[in-house]
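Data from entry.txt: compact mmCIF, C-alpha atoms
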# COMPACT_ATOMS: atom_id res chain seq x y z
CA MET V 1 139.26 115.60 83.72
CA MET V 2 137.15 115.03 86.85
CA LYS V 3 134.21 117.00 85.35
CA VAL V 4 134.31 114.85 82.21
CA ARG V 5 134.26 111.66 84.32
CA HIS V 6 131.27 112.91 86.36
CA PHE V 7 129.46 113.95 83.19
CA PHE V 8 130.12 110.52 81.62
CA LEU V 9 128.91 108.69 84.75
CA ALA V 10 125.77 110.84 84.90
CA LEU V 11 125.10 110.24 81.20
CA CYS V 12 125.54 106.47 81.66
CA SER V 13 123.17 106.51 84.66
CA VAL V 14 120.49 108.35 82.69
CA ALA V 15 120.88 105.94 79.76
CA LEU V 16 120.60 102.95 82.09
CA LEU V 17 117.48 104.34 83.76
CA ALA V 18 115.92 105.02 80.36
CA LEU V 19 116.70 101.49 79.23
CA VAL V 20 115.23 99.96 82.38
CA GLY V 21 112.16 102.19 82.15
CA CYS V 22 111.55 101.23 78.53
CA SER V 23 111.87 97.51 79.21
CA ALA V 24 109.29 97.35 82.02
CA SER V 25 106.07 95.50 81.20
CA LYS V 26 102.83 97.44 81.16
CA VAL V 27 99.50 95.85 81.98
CA GLN V 28 98.13 97.06 78.61
CA ASP V 29 100.67 94.75 76.92
CA TYR V 30 98.37 91.89 78.00
CA ALA V 31 95.06 93.36 76.77
CA ASN V 32 94.54 90.61 74.18
CA THR V 33 95.46 87.66 76.40
CA GLU V 34 92.98 84.95 77.39
CA PRO V 35 91.24 83.94 79.52
CA LYS V 36 89.96 87.39 80.49
CA LEU V 37 90.32 88.08 84.20
CA ASP V 38 87.35 89.46 86.09
CA LEU V 39 88.96 90.05 89.49
CA PHE V 40 85.65 90.16 91.36
CA SER V 41 84.31 86.96 89.78
CA TYR V 42 87.56 85.09 90.36
CA PHE V 43 87.80 85.94 94.06
CA ALA V 44 84.07 85.65 94.90
CA GLY V 45 83.65 82.68 97.23
CA LYS V 46 86.50 80.45 98.38
CA THR V 47 90.07 80.48 97.01
CA GLN V 48 93.22 78.84 98.31
CA ALA V 49 96.76 80.05 97.74
CA TYR V 50 100.17 78.49 98.24
CA GLY V 51 103.20 80.72 98.34
CA GLN V 52 106.72 81.49 99.38
CA PHE V 53 109.00 84.43 100.04
CA GLN V 54 112.45 84.39 98.47
CA ASP V 55 115.17 86.84 99.48
CA ARG V 56 117.01 88.88 96.85
CA SER V 57 119.43 86.00 96.20
CA GLY V 58 116.49 83.67 95.47
CA ALA V 59 116.75 81.60 98.66
CA VAL V 60 113.34 80.53 99.99
CA LYS V 61 112.95 82.06 103.45
CA ARG V 62 109.31 81.35 104.24
CA ARG V 63 106.45 79.27 102.85
CA PHE V 64 102.75 79.71 103.55
CA THR V 65 99.17 78.84 102.64
CA VAL V 66 96.24 81.25 102.47
CA ASP V 67 92.52 80.56 102.75
CA ILE V 68 90.66 83.42 101.07
CA THR V 69 86.97 84.25 101.30
CA GLY V 70 85.74 86.85 98.85
CA THR V 71 82.48 88.77 99.13
CA VAL V 72 81.22 91.03 96.35
CA GLU V 73 78.74 93.84 96.99
CA GLY V 74 78.27 96.05 93.94
CA ASP V 75 81.63 97.61 93.05
CA GLN V 76 83.30 96.43 96.26
CA LEU V 77 85.21 93.19 96.85
CA THR V 78 86.17 92.20 100.38
CA LEU V 79 88.90 89.57 100.67
CA ASP V 80 89.38 87.90 104.05
CA GLU V 81 92.83 86.28 103.81
CA ARG V 82 93.94 83.79 106.50
CA PHE V 83 97.66 82.98 106.30
CA VAL V 84 99.40 80.00 107.92
CA TYR V 85 103.20 80.06 107.69
CA ASP V 86 105.49 77.03 107.72
CA ASP V 87 106.66 77.94 111.25
CA GLY V 88 103.04 77.85 112.52
CA GLU V 89 102.52 81.62 112.66
CA LYS V 90 99.04 82.78 111.63
CA GLU V 91 98.04 86.13 110.18
CA GLN V 92 94.88 87.74 108.79
CA ARG V 93 94.57 90.50 106.22
CA VAL V 94 91.23 91.92 105.08
CA TRP V 95 91.29 93.80 101.79
CA VAL V 96 88.47 96.12 100.74
CA ILE V 97 88.82 96.68 96.99
CA GLN V 98 86.84 99.21 94.97
CA ARG V 99 86.24 98.80 91.24
CA LEU V 100 86.87 102.15 89.54
CA ALA V 101 86.43 103.16 85.89
CA ASN V 102 88.53 101.78 83.01
CA ASN V 103 89.69 98.52 84.68
CA GLN V 104 91.21 100.46 87.59
CA TYR V 105 91.00 99.43 91.25
CA SER V 106 91.85 100.86 94.66
CA GLY V 107 92.07 99.04 97.94
CA THR V 108 92.86 99.23 101.61
CA ALA V 109 93.83 96.77 104.33
CA GLY V 110 94.82 97.20 107.97
CA ASP V 111 98.55 96.73 107.36
CA VAL V 112 98.67 98.61 104.04
CA ILE V 113 100.01 102.15 104.25
CA GLY V 114 97.70 104.46 102.33
CA THR V 115 95.83 103.07 99.33
CA ALA V 116 96.75 100.29 96.94
CA TYR V 117 96.17 100.89 93.24
CA GLY V 118 95.64 98.27 90.56
CA GLU V 119 94.77 97.80 86.94
CA SER V 120 93.69 94.86 84.81
CA ALA V 121 93.91 94.02 81.11
CA GLY V 122 93.22 90.69 79.46
CA SER V 123 94.31 87.89 81.78
CA VAL V 124 96.53 90.12 83.95
CA PHE V 125 96.08 92.24 87.07
CA THR V 126 98.81 94.41 88.57
CA TRP V 127 98.62 95.81 92.09
CA ARG V 128 101.00 98.22 93.89
CA TYR V 129 101.02 99.09 97.56
CA THR V 130 103.15 99.71 100.65
CA LEU V 131 102.92 97.12 103.41
CA ASP V 132 103.76 97.60 107.09
CA LEU V 133 105.66 94.32 107.45
CA PRO V 134 106.51 92.87 110.88
CA TYR V 135 110.29 92.64 111.21
CA LYS V 136 112.08 91.44 114.35
CA ASP V 137 110.60 93.45 117.26
CA SER V 138 109.28 96.23 115.03
CA SER V 139 108.08 96.65 111.45
CA ILE V 140 109.31 98.10 108.18
CA HIS V 141 107.50 99.62 105.22
CA VAL V 142 108.13 97.74 101.99
CA LYS V 143 106.65 98.27 98.54
CA PHE V 144 104.91 95.43 96.69
CA ASP V 145 104.56 95.29 92.92
CA ASP V 146 102.17 92.37 92.35
CA TRP V 147 101.49 90.81 88.93
CA MET V 148 98.71 88.21 88.73
CA PHE V 149 98.32 86.01 85.64
CA LEU V 150 95.09 84.04 85.14
CA GLN V 151 95.96 80.63 83.68
CA SER V 152 92.48 79.07 83.61
CA ASP V 153 89.10 79.66 85.23
CA SER V 154 90.46 78.19 88.48
CA VAL V 155 94.23 78.81 88.44
CA MET V 156 96.11 82.10 88.79
CA LEU V 157 99.81 82.79 89.36
CA ASN V 158 101.12 85.80 91.29
CA ARG V 159 104.62 87.22 91.32
CA ALA V 160 105.40 90.18 93.59
CA GLU V 161 108.62 92.10 93.78
CA VAL V 162 109.30 93.50 97.26
CA THR V 163 111.45 96.64 97.52
CA LYS V 164 112.72 99.01 100.19
CA TRP V 165 114.12 102.43 99.18
CA GLY V 166 113.97 101.28 95.55
CA PHE V 167 116.14 98.20 96.16
CA LYS V 168 114.82 94.67 95.75
CA VAL V 169 114.69 92.83 99.07
CA GLY V 170 112.84 89.79 97.83
CA GLU V 171 110.02 88.25 95.88
CA VAL V 172 106.75 86.53 96.71
CA THR V 173 105.44 83.76 94.47
CA LEU V 174 101.84 82.56 94.85
CA PHE V 175 99.65 79.95 93.19
CA PHE V 176 95.88 80.56 93.56
CA SER V 177 93.38 77.72 93.22
CA LYS V 178 89.72 78.68 92.93
CA ALA V 179 87.26 76.35 94.67
CA GLN V 180 84.82 74.95 92.13
CA PRO V 181 81.11 75.21 93.03

Entire entry expressed as structure tokens:
Amino acid sequence: MMKVRHFFLALCSVALLALVGCSASKVQDYANTEPKLDLFSYFAGKTQAYGQFQDRSGAVKRRFTVDITGTVEGDQLTLDERFVYDDGEKEQRVWVIQRLANNQYSGTAGDVIGTAYGESAGSVFTWRYTLDLPYKDSSIHVKFDDWMFLQSDSVMLNRAEVTKWGFKVGEVTLFFSKAQP
């Protein structure tokens, strides 16, 4: 009887994983959406962002603003991000993003473990990376799964799921506003 129960639980787990895997959005699902996002054009120059971190229950734990300066040189975009948190803490992250073939991107930053990988289609850009996040008197490595949705030439929304060991620990929501020349 115990073997049947274990088999049934294993079968249910596989079915659940298959269902979750099939329901996940793919960036190619957005290939025909407008306006078309050109990541380098959007972030060239000055951009501001307003965001918050919510824990896994949805409670807002931290709010912040970001001043972003983007510089494009050929197939490389450098983003200098200056964060100011609601408690007054300041932080800087500098991304160096390479445009690869077929709407693919790679990037690095000082607090990113390894290389970030991204892909765009239509009005959407998705970006995955591991961040060395300050936590108490140390730091932890958390995975970010960012989805950016261009709404207009100057407005983009970003939703990022933050996980640790495959479990959701929170979510970051951002609103980008592109400075008009």

Enumerate, in order of chain and increasing residue number, the residues of segment 60-129 of chain V with an atom no farther than 6 Å from segment 136-160 of chain V, each with its shortest atom pair and distance in Å to one decimal, counting only C-alpha atoms, as a tab-separated table.
residue	atom	partner	partner_atom	distance
V:Ser123	CA	V:Leu150	CA	5.2
V:Val124	CA	V:Phe149	CA	4.8
V:Phe125	CA	V:Met148	CA	5.1
V:Thr126	CA	V:Trp147	CA	4.5
V:Trp127	CA	V:Asp146	CA	5.0
V:Arg128	CA	V:Asp145	CA	4.7
V:Tyr129	CA	V:Phe144	CA	5.4

Problem - Atomic separation - atom CA of Ala31 of chain V relative to atom CA of Ile97 of chain V, Å - result: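 Taking atom CA of Ile97 of chain V and atom CA of Ala31 of chain V, their separation equals 21.4 Å.
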
Problem - Proximity to Asp38 of chain V - best of V:Tyr105, V:Phe64, V:Tyr50, V:Trp95, all atoms listed in the file - result: V:Tyr105

Output, as lines of an AutoDock Vina configuration file, the centre and edge lengths in Å (one decimal) of the axis-aligned box that contains all listed atoms of segment 37-56 of chain V with 3 Å of margin on each side.
center_x = 100.3
center_y = 84.3
center_z = 92.1
size_x = 39.4
size_y = 17.7
size_z = 21.8

Go ahead and find all residues with at least one atom no further than 6 Å from (90.4, 86.0, 81.7) in the file's coordinates, using all atoms listed in the file; report them as a tab-separated table (two decimals) with C-alpha atoms, in the coordinates of the input.
chain	number	residue	atom	x	y	z
V	34	GLU	CA	92.98	84.95	77.39
V	35	PRO	CA	91.24	83.94	79.52
V	36	LYS	CA	89.96	87.39	80.49
V	37	LEU	CA	90.32	88.08	84.20
V	122	GLY	CA	93.22	90.69	79.46
V	123	SER	CA	94.31	87.89	81.78

Exercise for the section: State, in Å with one decimal place, the distance from atom CA of Ala121 of chain V to atom CA of Asn102 of chain V. Expected result: 9.6 Å

Problem - Closest of V:Ala44, V:Leu79, V:Ala101, V:Ala59 to Val172 of chain V - atom-to-atom distances counting all atoms listed in the file - result: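 Counting all atoms listed in the file, the residue closest to Val172 of chain V is V:Ala59.
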
Practice task
Tell me which protein, DNA and RNA residues are within 7 Å of Val84 of chain V, counting all atoms listed in the file, leaving out same-chain ones fewer than 2 positions away, and put them as number ranges by chain.
Solution key: V: 64-66, 82, 86, 88-91

Problem - Among the residues V:Ala109, V:Phe53, V:Lys168, V:Lys178, the one that comes closest to Ser41 of chain V [using all atoms listed in the file] - result: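 Ranking V:Ala109, V:Phe53, V:Lys168, V:Lys178 by distance to Ser41 of chain V, first place goes to V:Lys178.
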
Handout entry: Test item: residues at most 8 Å from Val112 of chain V, only C-alpha atoms, excluding those fewer than 5 positions along its chain, as a list in words
Key = Tyr129, Thr130, Leu131 and Asp132 of chain V

Exercise for the section: Could you please determine the separation between atom CA of Thr69 of chain V and atom CA of Phe43 of chain V in Å, to one decimal place? Expected result: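 Atom-to-atom, atom CA of Thr69 of chain V to atom CA of Phe43 of chain V, that is 7.5 Å.
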
Practice task
For a cut-off of 12 Å around (116.7, 96.7, 96.5), file coordinates, pick out all residues using all atoms listed in the file and list them as a ChimeraX atom specification.
Solution key: /V:55-57,142-144,161-171

Practice task
List the neighbours of Ala179 of chain V out to 9 Å using all atoms listed in the file; skip same-chain residues closer than 4 positions along the sequence, and give me the result as a list in words.
Solution key: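 My reading of the contact set: Gly45, Lys46, Thr47, Gln48 and Ser154 of chain V.
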
Practice task
Would you please work out which residue, of V:Leu133, V:Val72, V:Val27, V:Val60, is nearest to Asn103 of chain V when using only C-alpha atoms?
Solution key: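 Looking at the shortest contact to Asn103 of chain V, the residue is V:Val27.
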
Reconstruct N, CA and C atoms of segment 155-175 of chain V from the incomplete input and present them as a short mmCIF file (atom, residue, chain, number, x, y, z; two decimals), in the coordinates of the input.
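And here's rebuild_2.cif as it stands now:
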data_model
loop_
_atom_site.label_atom_id
_atom_site.label_comp_id
_atom_site.auth_asym_id
_atom_site.auth_seq_id
_atom_site.Cartn_x
_atom_site.Cartn_y
_atom_site.Cartn_z
N VAL V 155 92.82 78.70 88.06
CA VAL V 155 94.23 78.81 88.44
C VAL V 155 94.79 80.19 88.08
N MET V 156 95.46 80.82 89.05
CA MET V 156 96.11 82.10 88.79
C MET V 156 97.47 82.09 89.48
N LEU V 157 98.46 82.66 88.81
CA LEU V 157 99.81 82.79 89.36
C LEU V 157 100.04 84.24 89.75
N ASN V 158 100.82 84.46 90.80
CA ASN V 158 101.12 85.80 91.29
C ASN V 158 102.63 85.89 91.57
N ARG V 159 103.21 86.94 91.05
CA ARG V 159 104.62 87.22 91.32
C ARG V 159 104.69 88.65 91.83
N ALA V 160 105.30 88.84 92.99
CA ALA V 160 105.40 90.18 93.59
C ALA V 160 106.84 90.49 93.91
N GLU V 161 107.30 91.63 93.41
CA GLU V 161 108.62 92.10 93.78
C GLU V 161 108.46 92.98 95.02
N VAL V 162 109.34 92.76 96.01
CA VAL V 162 109.30 93.50 97.26
C VAL V 162 110.54 94.39 97.31
N THR V 163 110.33 95.71 97.50
CA THR V 163 111.45 96.64 97.52
C THR V 163 111.40 97.53 98.76
N LYS V 164 112.57 98.03 99.11
CA LYS V 164 112.72 99.01 100.19
C LYS V 164 113.69 100.07 99.68
N TRP V 165 113.31 101.32 99.69
CA TRP V 165 114.12 102.43 99.18
C TRP V 165 114.54 102.20 97.73
N GLY V 166 113.68 101.53 96.96
CA GLY V 166 113.97 101.28 95.55
C GLY V 166 114.84 100.07 95.28
N PHE V 167 115.29 99.38 96.33
CA PHE V 167 116.14 98.20 96.16
C PHE V 167 115.34 96.94 96.42
N LYS V 168 115.52 95.94 95.59
CA LYS V 168 114.82 94.67 95.75
C LYS V 168 115.31 93.96 97.00
N VAL V 169 114.35 93.60 97.87
CA VAL V 169 114.69 92.83 99.07
C VAL V 169 114.22 91.39 98.94
N GLY V 170 113.32 91.14 98.01
CA GLY V 170 112.84 89.79 97.83
C GLY V 170 111.70 89.71 96.84
N GLU V 171 111.10 88.53 96.82
CA GLU V 171 110.02 88.25 95.88
C GLU V 171 109.05 87.26 96.52
N VAL V 172 107.78 87.46 96.26
CA VAL V 172 106.75 86.53 96.71
C VAL V 172 106.17 85.86 95.47
N THR V 173 106.05 84.54 95.54
CA THR V 173 105.44 83.76 94.47
C THR V 173 104.23 83.05 95.06
N LEU V 174 103.09 83.17 94.37
CA LEU V 174 101.84 82.56 94.85
C LEU V 174 101.17 81.79 93.71
N PHE V 175 100.49 80.73 94.09
CA PHE V 175 99.65 79.95 93.19
C PHE V 175 98.26 79.96 93.79
#
